[in-house]
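Here is the structure we will look at.
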Amino acid sequence: SAEAMARVEERLKAEGLDYCTHEYVRGQQPVDDIMEAVNTHDAELIVIGVRTRSATGKFLRGSNALEILHDATVPVLCVKRDVLETDED
């Protein structure tokens with residue numbers, strides 16, 4: 001979501017890290033979009049959020065994260081969804 005992306009960007013800025021973020025909605029396969037973006041922007045790292053799905057769900061819909069891990073030409077950091085959601089208390 002846009003809110004989650006804004007929180008991540010705030011944390012990256014606070015740490016003084018060099019980064020860029022992009023949201024792509026191109027109608028291609030997500031993996032193809034990401035691989036194209038890696039090449040276009042000379043990315044050094046891919047960070048993706050992952051969630052737990054049943055074996056049936058993975059079989060029927062596949063796993064973009066797994067395909068990215070196999071196809072990536074740069075390191076990939078996978079972050080579990082639960083880790084991305086922070087308590088604002």
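Residue numbers start at 1 in each chain; chains themselves are named A, B, ... in the order of the structure tokens; ligands are numbered from 1 in the order shown.
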Determine, counting only C-alpha atoms, which protein, DNA and RNA residues have an atom within 8 Å of an atom of region 26-41 of chain A; residues of the same chain fewer than 4 positions away are not included. Present the result as a PyMOL selection string.
chain A and resi 46+64+67-68+71-72
Restrict the selected residues to N, CA, C and O atoms and save them as a PDB file, in the first residue's frame.
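Result saved to again-v5.pdb:
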ATOM      1  N   ILE A  46      17.245  -6.149  -4.752  1.00  0.00           N
ATOM      2  CA  ILE A  46      15.785  -6.195  -4.841  1.00  0.00           C
ATOM      3  C   ILE A  46      15.267  -6.533  -3.449  1.00  0.00           C
ATOM      4  O   ILE A  46      15.731  -7.487  -2.825  1.00  0.00           O
ATOM      5  N   ASN A  64       5.539 -15.414  -7.254  1.00  0.00           N
ATOM      6  CA  ASN A  64       6.376 -14.382  -7.861  1.00  0.00           C
ATOM      7  C   ASN A  64       7.707 -14.276  -7.132  1.00  0.00           C
ATOM      8  O   ASN A  64       8.751 -14.110  -7.756  1.00  0.00           O
ATOM      9  N   GLU A  67      10.051 -16.973  -8.231  1.00  0.00           N
ATOM     10  CA  GLU A  67      10.530 -16.731  -9.589  1.00  0.00           C
ATOM     11  C   GLU A  67      11.566 -15.595  -9.612  1.00  0.00           C
ATOM     12  O   GLU A  67      12.566 -15.666 -10.312  1.00  0.00           O
ATOM     13  N   ILE A  68      11.334 -14.562  -8.801  1.00  0.00           N
ATOM     14  CA  ILE A  68      12.300 -13.468  -8.698  1.00  0.00           C
ATOM     15  C   ILE A  68      13.619 -13.983  -8.144  1.00  0.00           C
ATOM     16  O   ILE A  68      14.696 -13.651  -8.647  1.00  0.00           O
ATOM     17  N   ASP A  71      15.380 -15.816 -10.977  1.00  0.00           N
ATOM     18  CA  ASP A  71      15.747 -15.049 -12.164  1.00  0.00           C
ATOM     19  C   ASP A  71      16.637 -13.842 -11.889  1.00  0.00           C
ATOM     20  O   ASP A  71      17.261 -13.318 -12.810  1.00  0.00           O
ATOM     21  N   ALA A  72      16.693 -13.388 -10.652  1.00  0.00           N
ATOM     22  CA  ALA A  72      17.401 -12.147 -10.338  1.00  0.00           C
ATOM     23  C   ALA A  72      18.897 -12.251 -10.617  1.00  0.00           C
ATOM     24  O   ALA A  72      19.519 -13.278 -10.381  1.00  0.00           O
TER      25      ALA A  72
END
List the spatial neighbours of Pro75 (chain A) as a PyMOL selection string - criterion: any atom at most 10 Å away, only C-alpha atoms, same-chain residues fewer than 3 positions off excluded.
chain A and resi 43-47+69+72+78
Print the selection's residues with N, CA and C atoms to a file, as a PDB file, in the first residue's frame.
ATOM      1  N   ALA A  43      19.944  -1.449 -10.559  1.00  0.00           N
ATOM      2  CA  ALA A  43      19.711  -1.772  -9.149  1.00  0.00           C
ATOM      3  C   ALA A  43      20.773  -2.731  -8.631  1.00  0.00           C
ATOM      4  N   GLU A  44      21.110  -2.570  -7.371  1.00  0.00           N
ATOM      5  CA  GLU A  44      22.084  -3.432  -6.722  1.00  0.00           C
ATOM      6  C   GLU A  44      21.429  -4.437  -5.787  1.00  0.00           C
ATOM      7  N   LEU A  45      20.128  -4.243  -5.500  1.00  0.00           N
ATOM      8  CA  LEU A  45      19.414  -5.099  -4.561  1.00  0.00           C
ATOM      9  C   LEU A  45      17.926  -5.015  -4.853  1.00  0.00           C
ATOM     10  N   ILE A  46      17.245  -6.149  -4.752  1.00  0.00           N
ATOM     11  CA  ILE A  46      15.785  -6.195  -4.841  1.00  0.00           C
ATOM     12  C   ILE A  46      15.267  -6.533  -3.449  1.00  0.00           C
ATOM     13  N   VAL A  47      14.319  -5.743  -2.958  1.00  0.00           N
ATOM     14  CA  VAL A  47      13.670  -6.029  -1.676  1.00  0.00           C
ATOM     15  C   VAL A  47      12.214  -6.306  -1.980  1.00  0.00           C
ATOM     16  N   LEU A  69      13.548 -14.813  -7.109  1.00  0.00           N
ATOM     17  CA  LEU A  69      14.773 -15.385  -6.535  1.00  0.00           C
ATOM     18  C   LEU A  69      15.560 -16.171  -7.571  1.00  0.00           C
ATOM     19  N   ALA A  72      16.693 -13.388 -10.652  1.00  0.00           N
ATOM     20  CA  ALA A  72      17.401 -12.147 -10.338  1.00  0.00           C
ATOM     21  C   ALA A  72      18.897 -12.251 -10.617  1.00  0.00           C
ATOM     22  N   CYS A  78      14.154 -10.885   0.970  1.00  0.00           N
ATOM     23  CA  CYS A  78      12.737 -11.173   1.160  1.00  0.00           C
ATOM     24  C   CYS A  78      12.370 -10.849   2.608  1.00  0.00           C
TER      25      CYS A  78
END
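CA of Tyr19 (chain A) lies 12.6 Å from CA of Met5 (chain A).
Comparing the minimum interatomic distances between Gly49 (chain A) and each of A:Leu66, A:Ala4, A:Val79, A:Leu17, counting only C-alpha atoms, we find that A:Val79 sits nearest.
Picture a line from CA of Ala65 (chain A) to CA of Leu77 (chain A); it runs 10.1 Å.
CA of Glu23 (chain A) is positioned 17.8 Å from CA of Arg11 (chain A).
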Quick one: of A:Leu12, A:Arg7, A:Val74, A:Ala2, who's nearest to Asp42 (chain A), counting only C-alpha atoms?
A:Val74
